[in-house]
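The data block below is entry_16.cif; it holds mmCIF, C-alpha atoms.
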data_start
loop_
_atom_site.label_atom_id
_atom_site.label_comp_id
_atom_site.auth_asym_id
_atom_site.auth_seq_id
_atom_site.Cartn_x
_atom_site.Cartn_y
_atom_site.Cartn_z
CA MET A 1 -8.74 21.96 -2.64
CA GLY A 2 -11.84 23.11 -0.74
CA SER A 3 -14.07 20.92 1.37
CA PRO A 4 -13.62 17.20 0.80
CA PRO A 5 -16.31 14.91 -0.62
CA MET A 6 -18.31 13.01 1.97
CA ILE A 7 -18.32 9.60 0.27
CA ASP A 8 -15.46 7.59 1.78
CA GLY A 9 -13.76 6.49 -1.45
CA ALA A 10 -13.75 9.99 -2.87
CA PHE A 11 -12.60 11.33 0.49
CA ALA A 12 -9.66 8.90 0.50
CA ARG A 13 -8.69 10.09 -2.97
CA TRP A 14 -8.95 13.74 -1.90
CA LEU A 15 -6.83 13.14 1.19
CA ALA A 16 -4.15 11.20 -0.69
CA ALA A 17 -3.93 13.99 -3.26
CA ARG A 18 -3.74 16.64 -0.56
CA ALA A 19 -0.93 14.88 1.31
CA GLY A 20 0.85 14.17 -1.96
CA GLN A 21 0.89 17.82 -2.95
CA ALA A 22 2.28 18.75 0.46
CA LEU A 23 5.09 16.24 -0.08
CA LEU A 24 5.88 17.58 -3.53
CA ASP A 25 6.00 21.11 -2.11
CA LEU A 26 8.34 19.92 0.64
CA ARG A 27 10.69 18.33 -1.88
CA THR A 28 10.86 21.64 -3.73
CA GLU A 29 11.41 23.62 -0.55
CA LEU A 30 14.10 21.44 1.07
CA GLY A 31 15.83 19.95 -1.95
CA PHE A 32 17.85 16.74 -1.79
CA THR A 33 21.14 17.78 -0.18
CA ASP A 34 20.18 16.22 3.18
CA PRO A 35 18.21 13.02 2.48
CA GLY A 36 17.79 12.19 6.18
CA ALA A 37 16.22 15.54 6.96
CA LEU A 38 13.96 15.28 3.91
CA LYS A 39 12.76 11.81 4.95
CA SER A 40 11.96 12.92 8.49
CA ALA A 41 10.23 16.08 7.35
CA GLY A 42 8.20 14.15 4.76
CA ASP A 43 6.92 11.65 7.31
CA LYS A 44 5.92 14.43 9.70
CA VAL A 45 4.32 16.79 7.19
CA SER A 46 2.16 14.12 5.61
CA HIS A 47 1.23 12.45 8.92
CA ASP A 48 0.23 15.74 10.54
CA LEU A 49 -1.86 16.76 7.54
CA ILE A 50 -3.66 13.41 7.33
CA ARG A 51 -4.30 13.27 11.08
CA THR A 52 -5.63 16.85 11.08
CA GLU A 53 -8.02 16.24 8.19
CA LEU A 54 -9.29 12.95 9.62
CA ALA A 55 -9.92 14.59 12.99
CA LYS A 56 -11.84 17.36 11.25
CA TRP A 57 -13.86 15.38 8.71
CA ARG A 58 -14.07 11.90 10.26
CA PRO A 59 -13.94 12.62 14.02
CA GLY A 60 -15.79 9.44 15.01
CA ASP A 61 -13.39 7.08 13.24
CA ALA A 62 -10.24 5.48 14.66
CA VAL A 63 -6.88 5.81 12.91
CA LEU A 64 -3.83 3.60 12.55
CA SER A 65 -0.89 5.47 11.03
CA GLU A 66 2.65 4.25 10.62
CA GLU A 67 3.83 7.44 12.30
CA ASP A 68 1.67 7.04 15.43
CA GLU A 69 3.59 6.39 18.63
CA GLY A 70 3.50 2.67 19.39
CA SER A 71 1.97 1.83 16.01
CA ARG A 72 4.11 -1.29 15.59
CA LEU A 73 3.18 -2.82 18.95
CA ALA A 74 0.77 -5.73 19.28
CA TRP A 75 -1.97 -4.78 21.74
CA ALA A 76 -4.37 -6.80 23.86
CA ALA A 77 -7.95 -5.67 23.42
CA GLU A 78 -8.45 -5.28 27.16
CA VAL A 79 -5.65 -2.73 27.56
CA ASN A 80 -7.23 0.63 28.36
CA THR A 81 -5.33 3.02 26.15
CA GLU A 82 -6.11 5.32 23.25
CA ALA A 83 -3.69 3.31 21.12
CA VAL A 84 -6.07 0.32 21.05
CA SER A 85 -9.34 2.20 20.52
CA ARG A 86 -9.22 0.98 16.95
CA LEU A 87 -9.78 -2.62 18.08
CA ALA A 88 -13.26 -1.73 19.30
CA ALA A 89 -14.03 0.73 16.51
CA ASP A 90 -16.41 0.04 13.66
CA ARG A 91 -14.37 2.16 11.22
CA VAL A 92 -10.59 2.53 11.14
CA TRP A 93 -8.47 4.54 8.71
CA ILE A 94 -5.20 2.72 8.02
CA VAL A 95 -2.66 5.12 6.56
CA ASP A 96 0.95 5.29 5.51
CA PRO A 97 1.71 9.00 5.18
CA LEU A 98 4.83 8.35 3.09
CA ASP A 99 5.47 4.91 1.66
CA GLY A 100 8.99 4.76 0.28
CA THR A 101 10.92 7.43 2.18
CA ARG A 102 14.15 6.32 0.50
CA GLU A 103 12.75 6.98 -2.97
CA PHE A 104 11.12 10.21 -1.79
CA SER A 105 14.54 11.51 -0.72
CA GLU A 106 16.20 10.73 -4.07
CA GLU A 107 15.92 13.36 -6.79
CA GLY A 108 14.12 12.17 -9.88
CA ARG A 109 12.48 9.11 -8.31
CA SER A 110 8.71 8.78 -8.60
CA ASP A 111 8.16 5.31 -7.06
CA TRP A 112 6.87 6.47 -3.66
CA ALA A 113 3.32 6.82 -2.45
CA VAL A 114 0.70 7.97 0.04
CA HIS A 115 -1.69 5.29 1.36
CA ILE A 116 -5.21 6.02 2.67
CA ALA A 117 -7.50 3.05 3.45
CA LEU A 118 -10.71 2.54 5.40
CA TRP A 119 -11.48 -0.70 7.25
CA ALA A 120 -15.06 -1.34 8.40
CA ARG A 121 -16.35 -4.00 10.77
CA ASN A 122 -19.38 -4.74 8.59
CA ALA A 123 -17.42 -5.02 5.34
CA PRO A 124 -18.47 -7.87 3.03
CA SER A 125 -14.90 -8.87 2.15
CA PRO A 126 -12.51 -10.89 4.35
CA HIS A 127 -9.94 -8.10 4.37
CA GLY A 128 -12.51 -5.59 5.64
CA LEU A 129 -11.34 -2.76 3.41
CA VAL A 130 -14.21 -0.67 2.05
CA ALA A 131 -12.39 2.33 0.56
CA GLY A 132 -8.87 3.31 -0.33
CA ALA A 133 -6.58 5.44 -2.43
CA VAL A 134 -2.94 5.26 -3.41
CA GLY A 135 -1.44 8.61 -4.22
CA LEU A 136 1.57 8.61 -6.54
CA PRO A 137 2.39 12.30 -6.28
CA ALA A 138 5.51 12.38 -8.43
CA GLN A 139 3.58 10.49 -11.13
CA HIS A 140 0.71 12.99 -10.83
CA ARG A 141 -1.95 10.37 -10.31
CA VAL A 142 -4.13 8.81 -7.62
CA LEU A 143 -5.60 5.31 -7.89
CA GLY A 144 -8.76 4.90 -5.84
CA THR A 145 -11.66 2.59 -5.10
CA ASP A 146 -14.15 5.31 -6.02
CA TYR A 147 -13.11 5.00 -9.68
CA PRO A 148 -11.06 1.80 -9.78
CA PRO A 149 -8.96 1.32 -12.90
CA ALA A 150 -10.11 -1.23 -15.46
CA TYR A 151 -8.69 -4.71 -15.06
CA PRO A 152 -5.19 -4.51 -16.57
CA PRO A 153 -4.95 -5.74 -20.16
CA MET A 154 -2.82 -8.74 -21.03
CA THR A 155 0.72 -8.00 -22.10
CA VAL A 156 1.95 -8.41 -25.65
CA GLU A 157 3.91 -11.45 -24.47
CA ALA A 158 0.76 -12.99 -22.99
CA ALA A 159 -1.29 -12.32 -26.09
CA THR A 160 1.11 -14.11 -28.41
CA ALA A 161 0.64 -17.82 -28.83
CA GLY A 162 3.05 -19.95 -26.88
CA THR A 163 5.09 -17.84 -24.48
CA ARG A 164 4.26 -15.81 -21.43
CA VAL A 165 6.84 -13.69 -19.63
CA ILE A 166 5.56 -12.82 -16.16
CA ARG A 167 6.84 -9.53 -14.81
CA LEU A 168 7.33 -9.59 -11.04
CA ALA A 169 7.76 -6.31 -9.17
CA ALA A 170 10.70 -6.68 -6.81
CA SER A 171 12.20 -4.59 -4.06
CA ARG A 172 15.18 -2.47 -5.02
CA SER A 173 16.88 -3.23 -1.73
CA ARG A 174 15.11 -6.08 0.10
CA PRO A 175 13.71 -8.70 -2.30
CA PRO A 176 12.76 -12.02 -0.68
CA VAL A 177 15.73 -14.38 -0.92
CA PHE A 178 13.69 -17.01 -2.76
CA LEU A 179 12.34 -14.66 -5.41
CA THR A 180 15.12 -15.25 -7.94
CA ASP A 181 14.56 -19.01 -7.82
CA LEU A 182 10.80 -18.57 -8.05
CA ALA A 183 11.15 -16.28 -11.05
CA GLU A 184 13.29 -18.86 -12.84
CA ASP A 185 10.75 -21.57 -11.98
CA VAL A 186 7.77 -19.74 -13.51
CA GLY A 187 9.60 -18.02 -16.35
CA ALA A 188 9.39 -14.54 -14.91
CA LYS A 189 11.60 -11.50 -15.00
CA LEU A 190 12.13 -9.25 -11.98
CA VAL A 191 11.31 -5.55 -12.28
CA PRO A 192 12.96 -3.54 -9.45
CA MET A 193 10.80 -0.78 -7.95
CA GLY A 194 10.61 1.31 -4.82
CA SER A 195 7.72 1.42 -2.36
CA ALA A 196 5.12 -1.31 -1.82
CA GLY A 197 2.42 1.10 -2.95
CA ALA A 198 4.23 1.81 -6.19
CA LYS A 199 4.68 -1.92 -6.83
CA ILE A 200 1.03 -2.82 -6.28
CA ALA A 201 -0.02 0.23 -8.29
CA ALA A 202 2.10 -1.15 -11.14
CA VAL A 203 0.13 -4.41 -10.97
CA VAL A 204 -3.13 -2.43 -11.00
CA THR A 205 -2.10 -0.48 -14.10
CA GLY A 206 -0.63 -3.50 -15.91
CA GLU A 207 2.99 -2.35 -15.85
CA VAL A 208 3.83 -5.63 -14.10
CA ASP A 209 1.84 -8.82 -13.56
CA ALA A 210 2.47 -9.56 -9.88
CA TYR A 211 4.04 -8.43 -6.64
CA ILE A 212 5.26 -10.89 -4.04
CA HIS A 213 6.54 -9.80 -0.65
CA ALA A 214 7.74 -11.95 2.23
CA GLY A 215 10.27 -9.75 4.00
CA GLY A 216 8.06 -8.27 6.72
CA GLN A 217 5.49 -5.50 6.46
CA TYR A 218 2.74 -3.86 8.48
CA GLU A 219 -0.93 -3.25 7.71
CA TRP A 220 -0.35 0.30 6.46
CA ASP A 221 2.14 -0.96 3.86
CA SER A 222 -0.56 -2.79 1.92
CA ALA A 223 -4.06 -1.75 3.08
CA ALA A 224 -4.70 1.03 0.57
CA PRO A 225 -3.01 -0.71 -2.38
CA VAL A 226 -4.88 -3.96 -1.64
CA ALA A 227 -8.18 -2.06 -1.43
CA VAL A 228 -7.59 -0.63 -4.90
CA ALA A 229 -6.24 -3.89 -6.34
CA THR A 230 -9.23 -5.94 -5.22
CA ALA A 231 -11.65 -3.23 -6.39
CA THR A 232 -9.94 -3.56 -9.79
CA GLY A 233 -10.53 -7.33 -9.75
CA LEU A 234 -7.01 -8.53 -9.00
CA HIS A 235 -6.07 -11.37 -6.66
CA ALA A 236 -4.66 -10.42 -3.23
CA SER A 237 -3.78 -12.85 -0.44
CA ARG A 238 -1.09 -14.03 1.92
CA ILE A 239 1.60 -16.08 0.16
CA ASP A 240 0.02 -19.28 1.53
CA GLY A 241 -3.26 -18.30 -0.15
CA SER A 242 -5.06 -17.31 3.05
CA ALA A 243 -6.99 -14.06 3.33
CA LEU A 244 -5.34 -10.77 4.20
CA LYS A 245 -6.83 -9.32 7.38
CA TYR A 246 -6.62 -5.77 8.69
CA ASN A 247 -7.23 -3.94 11.97
CA GLU A 248 -5.77 -6.84 13.90
CA ALA A 249 -4.31 -6.49 17.40
CA ASP A 250 -0.87 -7.17 15.93
CA PRO A 251 -0.41 -4.82 12.95
CA ARG A 252 2.32 -6.95 11.40
CA LEU A 253 1.29 -8.39 8.04
CA PRO A 254 4.55 -9.86 6.84
CA ASP A 255 3.76 -11.25 3.40
CA LEU A 256 1.39 -10.91 0.47
CA LEU A 257 0.76 -11.73 -3.16
CA VAL A 258 -1.02 -9.33 -5.52
CA CYS A 259 -1.40 -10.52 -9.09
CA ARG A 260 -3.62 -11.06 -12.09
CA LYS A 261 -6.27 -13.66 -11.24
CA ASP A 262 -5.17 -15.92 -14.07
CA LEU A 263 -1.72 -16.18 -12.47
CA ALA A 264 -2.79 -16.76 -8.86
CA THR A 265 -2.91 -20.57 -8.87
CA ARG A 266 0.43 -20.85 -10.64
CA LEU A 267 2.20 -18.35 -8.38
CA LEU A 268 0.73 -19.78 -5.16
CA ALA A 269 1.95 -23.25 -6.18
CA ALA A 270 5.42 -21.86 -6.89
CA LEU A 271 5.39 -20.08 -3.55
CA GLN A 272 4.73 -23.38 -1.80
CA ARG A 273 7.82 -24.80 -3.49
CA HIS A 274 10.13 -21.86 -2.78
CA SER A 275 9.05 -19.95 0.34
CA GLY A 276 9.23 -22.70 2.94
#
How would this structure read if it were set down as structure tokens?
Amino acid sequence: MGSPPMIDGAFARWLAARAGQALLDLRTELGFTDPGALKSAGDKVSHDLIRTELAKWRPGDAVLSEEDEGSRLAWAAEVNTEAVSRLAADRVWIVDPLDGTREFSEEGRSDWAVHIALWARNAPSPHGLVAGAVGLPAQHRVLGTDYPPAYPPMTVEAATAGTRVIRLAASRSRPPVFLTDLAEDVGAKLVPMGSAGAKIAAVVTGEVDAYIHAGGQYEWDSAAPVAVATATGLHASRIDGSALKYNEADPRLPDLLVCRKDLATRLLAALQRHSG
């Protein structure tokens, strides 16, 4: 793919595409007879590639990757260790080399992703994300903040007078226990999908109207998708309506709502009724 572009958003897109192609090549090489081996190899191949390219092209920036040793630990800022250099950094890349390893290891599934996001201390937004890209390699597309998609059009159901069927992206395996009741409350239907990145990408493209998660996540699960979603003009927050924040000492970010802006008030009110 040659030398990457220097502008951060375009660089994120380039890096997500590069890692995505490596993962597609790995799927072809290893096949699907040993899902566990394919998952492990996918995490490593993508992580090593992303870390190598960031060290080469963004050597002054800190990195938080899901596959880093100790990435899930909450750190005190005064601890003198390389693992917490990001807390003092002005720029931090938050990456998930392979979001949706389960789907990646299943032949024919395309709902897995590569997440590349950049947090900056001087960012104008509360979440601090200034660039990002979500690679959907098996769908042969990358969604990025450099060319954010247009705000998703209203569905046919929404455009007709009277009724509105809200489509909620839901986990295939770990949907929040309250989600079924919430869906009934607001007149929604659940649409099962794989990785968090694939779900938020589906909101960005208009395939679904919202994604609600309350089952426990980390910053890398949502940073890149949230960067793209907010660049598109969508609503993104915690399920209590408070701002999402990244590059925190504790990387856990257990819940979020990403949805069309016209649905935010209604869904946040329903969340208050059902997520307590």
| Any idea what's packed within 12 Å of Thr28 of chain A, counting all atoms listed in the file, ignoring anything in its chain fewer than 2 positions away? Could you give it as number ranges by chain? | A: 21-26, 30-33, 38, 42, 104-105, 107-108, 138
Output the selection as a PDB file, in the coordinates of the input - C-alpha atoms for each residue.
ATOM      1  CA  GLN A  21       0.890  17.820  -2.950  1.00  0.00           C
ATOM      2  CA  ALA A  22       2.280  18.750   0.460  1.00  0.00           C
ATOM      3  CA  LEU A  23       5.090  16.240  -0.080  1.00  0.00           C
ATOM      4  CA  LEU A  24       5.880  17.580  -3.530  1.00  0.00           C
ATOM      5  CA  ASP A  25       6.000  21.110  -2.110  1.00  0.00           C
ATOM      6  CA  LEU A  26       8.340  19.920   0.640  1.00  0.00           C
ATOM      7  CA  LEU A  30      14.100  21.440   1.070  1.00  0.00           C
ATOM      8  CA  GLY A  31      15.830  19.950  -1.950  1.00  0.00           C
ATOM      9  CA  PHE A  32      17.850  16.740  -1.790  1.00  0.00           C
ATOM     10  CA  THR A  33      21.140  17.780  -0.180  1.00  0.00           C
ATOM     11  CA  LEU A  38      13.960  15.280   3.910  1.00  0.00           C
ATOM     12  CA  GLY A  42       8.200  14.150   4.760  1.00  0.00           C
ATOM     13  CA  PHE A 104      11.120  10.210  -1.790  1.00  0.00           C
ATOM     14  CA  SER A 105      14.540  11.510  -0.720  1.00  0.00           C
ATOM     15  CA  GLU A 107      15.920  13.360  -6.790  1.00  0.00           C
ATOM     16  CA  GLY A 108      14.120  12.170  -9.880  1.00  0.00           C
ATOM     17  CA  ALA A 138       5.510  12.380  -8.430  1.00  0.00           C
TER      18      ALA A 138
END
| What is the distance, in Å and to one decimal place, between atom CA of Asp48 of chain A and atom CA of Pro225 of chain A? | 21.2 Å
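Computed from the coordinates, the atom CA of Pro176 of chain A to atom CA of Ile94 of chain A distance equals 24.8 Å.
For the choices A:Asp61, A:Asp262, A:Glu66, A:Asp181, the atom-to-atom distance to Asp90 of chain A is smallest for A:Asp61 when using all atoms listed in the file.
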Find the spatial neighbours of segment 198-206 of chain A, counting only C-alpha atoms, within a cut-off of 8 Å - ignore same-chain residues fewer than 5 positions away - and output them as a PDB file with C-alpha atoms, keeping the file's coordinate frame.
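Writing the result to around09.pdb gives the following:
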ATOM      1  CA  ASP A 111       8.160   5.310  -7.060  1.00  0.00           C
ATOM      2  CA  TRP A 112       6.870   6.470  -3.660  1.00  0.00           C
ATOM      3  CA  ALA A 113       3.320   6.820  -2.450  1.00  0.00           C
ATOM      4  CA  VAL A 134      -2.940   5.260  -3.410  1.00  0.00           C
ATOM      5  CA  LEU A 136       1.570   8.610  -6.540  1.00  0.00           C
ATOM      6  CA  LEU A 143      -5.600   5.310  -7.890  1.00  0.00           C
ATOM      7  CA  PRO A 149      -8.960   1.320 -12.900  1.00  0.00           C
ATOM      8  CA  TYR A 151      -8.690  -4.710 -15.060  1.00  0.00           C
ATOM      9  CA  PRO A 152      -5.190  -4.510 -16.570  1.00  0.00           C
ATOM     10  CA  PRO A 153      -4.950  -5.740 -20.160  1.00  0.00           C
ATOM     11  CA  MET A 154      -2.820  -8.740 -21.030  1.00  0.00           C
ATOM     12  CA  THR A 155       0.720  -8.000 -22.100  1.00  0.00           C
ATOM     13  CA  ALA A 169       7.760  -6.310  -9.170  1.00  0.00           C
ATOM     14  CA  ALA A 170      10.700  -6.680  -6.810  1.00  0.00           C
ATOM     15  CA  MET A 193      10.800  -0.780  -7.950  1.00  0.00           C
ATOM     16  CA  TYR A 211       4.040  -8.430  -6.640  1.00  0.00           C
ATOM     17  CA  PRO A 225      -3.010  -0.710  -2.380  1.00  0.00           C
ATOM     18  CA  VAL A 226      -4.880  -3.960  -1.640  1.00  0.00           C
ATOM     19  CA  VAL A 228      -7.590  -0.630  -4.900  1.00  0.00           C
ATOM     20  CA  ALA A 229      -6.240  -3.890  -6.340  1.00  0.00           C
ATOM     21  CA  THR A 232      -9.940  -3.560  -9.790  1.00  0.00           C
ATOM     22  CA  LEU A 234      -7.010  -8.530  -9.000  1.00  0.00           C
ATOM     23  CA  VAL A 258      -1.020  -9.330  -5.520  1.00  0.00           C
ATOM     24  CA  CYS A 259      -1.400 -10.520  -9.090  1.00  0.00           C
ATOM     25  CA  ARG A 260      -3.620 -11.060 -12.090  1.00  0.00           C
TER      26      ARG A 260
END
| Got a sec to resolve the PyMOL selection byres ((chain A and resi 246-257) around 7) on this structure and send the residues as a ChimeraX atom specification? | /A:72-76,87,127-128,211-219,236-239,244-245,258-259
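Nearest residue to Trp220 of chain A, choosing from A:Val95, A:Val186, A:Leu129, A:Leu271 and counting all atoms listed in the file: A:Val95.
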If you apply the PyMOL selection byres ((chain A and resi 266-270) around 8) to this file, what residues do you get, as a compact mmCIF listing (two decimals) with C-alpha atoms, in the frame of the given file?
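Saved as part-v3.txt:
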# COMPACT_ATOMS: atom_id res chain seq x y z
CA LEU A 182 10.80 -18.57 -8.05
CA ASP A 185 10.75 -21.57 -11.98
CA VAL A 186 7.77 -19.74 -13.51
CA ILE A 239 1.60 -16.08 0.16
CA ASP A 240 0.02 -19.28 1.53
CA GLY A 241 -3.26 -18.30 -0.15
CA LEU A 263 -1.72 -16.18 -12.47
CA ALA A 264 -2.79 -16.76 -8.86
CA THR A 265 -2.91 -20.57 -8.87
CA LEU A 271 5.39 -20.08 -3.55
CA GLN A 272 4.73 -23.38 -1.80
CA ARG A 273 7.82 -24.80 -3.49
CA HIS A 274 10.13 -21.86 -2.78
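Computed from the coordinates, the atom CA of Pro124 of chain A to atom CA of Val208 of chain A distance equals 28.2 Å.
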| query | Which of these residues is nearest to Gly197 of chain A, using all atoms listed in the file: A:Ala17, A:Ala62, A:Ala223, A:Leu54? | reply | A:Ala223
| said: Translate the PyMOL selection byres ((chain A and resi 16) around 7) into a concrete residue list for this structure, as a list of chain:residue names. | reply: A:Ala12, A:Arg13, A:Trp14, A:Leu15, A:Ala17, A:Arg18, A:Ala19, A:Gly20, A:Val114, A:His115, A:Ile116, A:Ala133, A:Val134, A:Gly135
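With all atoms listed in the file as the atoms that count, the minimum distance from Leu118 of chain A to the choices A:Asp68, A:Asp8, A:Asp34, A:Glu103 is reached by A:Asp8.
Distances from A:Thr145, A:Ser46, A:Thr52, A:Ser195 to Ser171 of chain A were compared using all atoms listed in the file, and the smallest one belongs to A:Ser195.
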| said: My list of candidates is A:Leu190, A:His235, A:Met6, A:Gly144. Which is closest to Arg58 of chain A when distances are computed with all atoms listed in the file? | reply: A:Met6
Need the axis-aligned box for segment 131-148 of chain A with 3 Å each side, so what are the centre and edges in Å to one decimal, as lines of an AutoDock Vina configuration file?
center_x = -4.3
center_y = 7.4
center_z = -5.3
size_x = 25.7
size_y = 17.2
size_z = 17.7
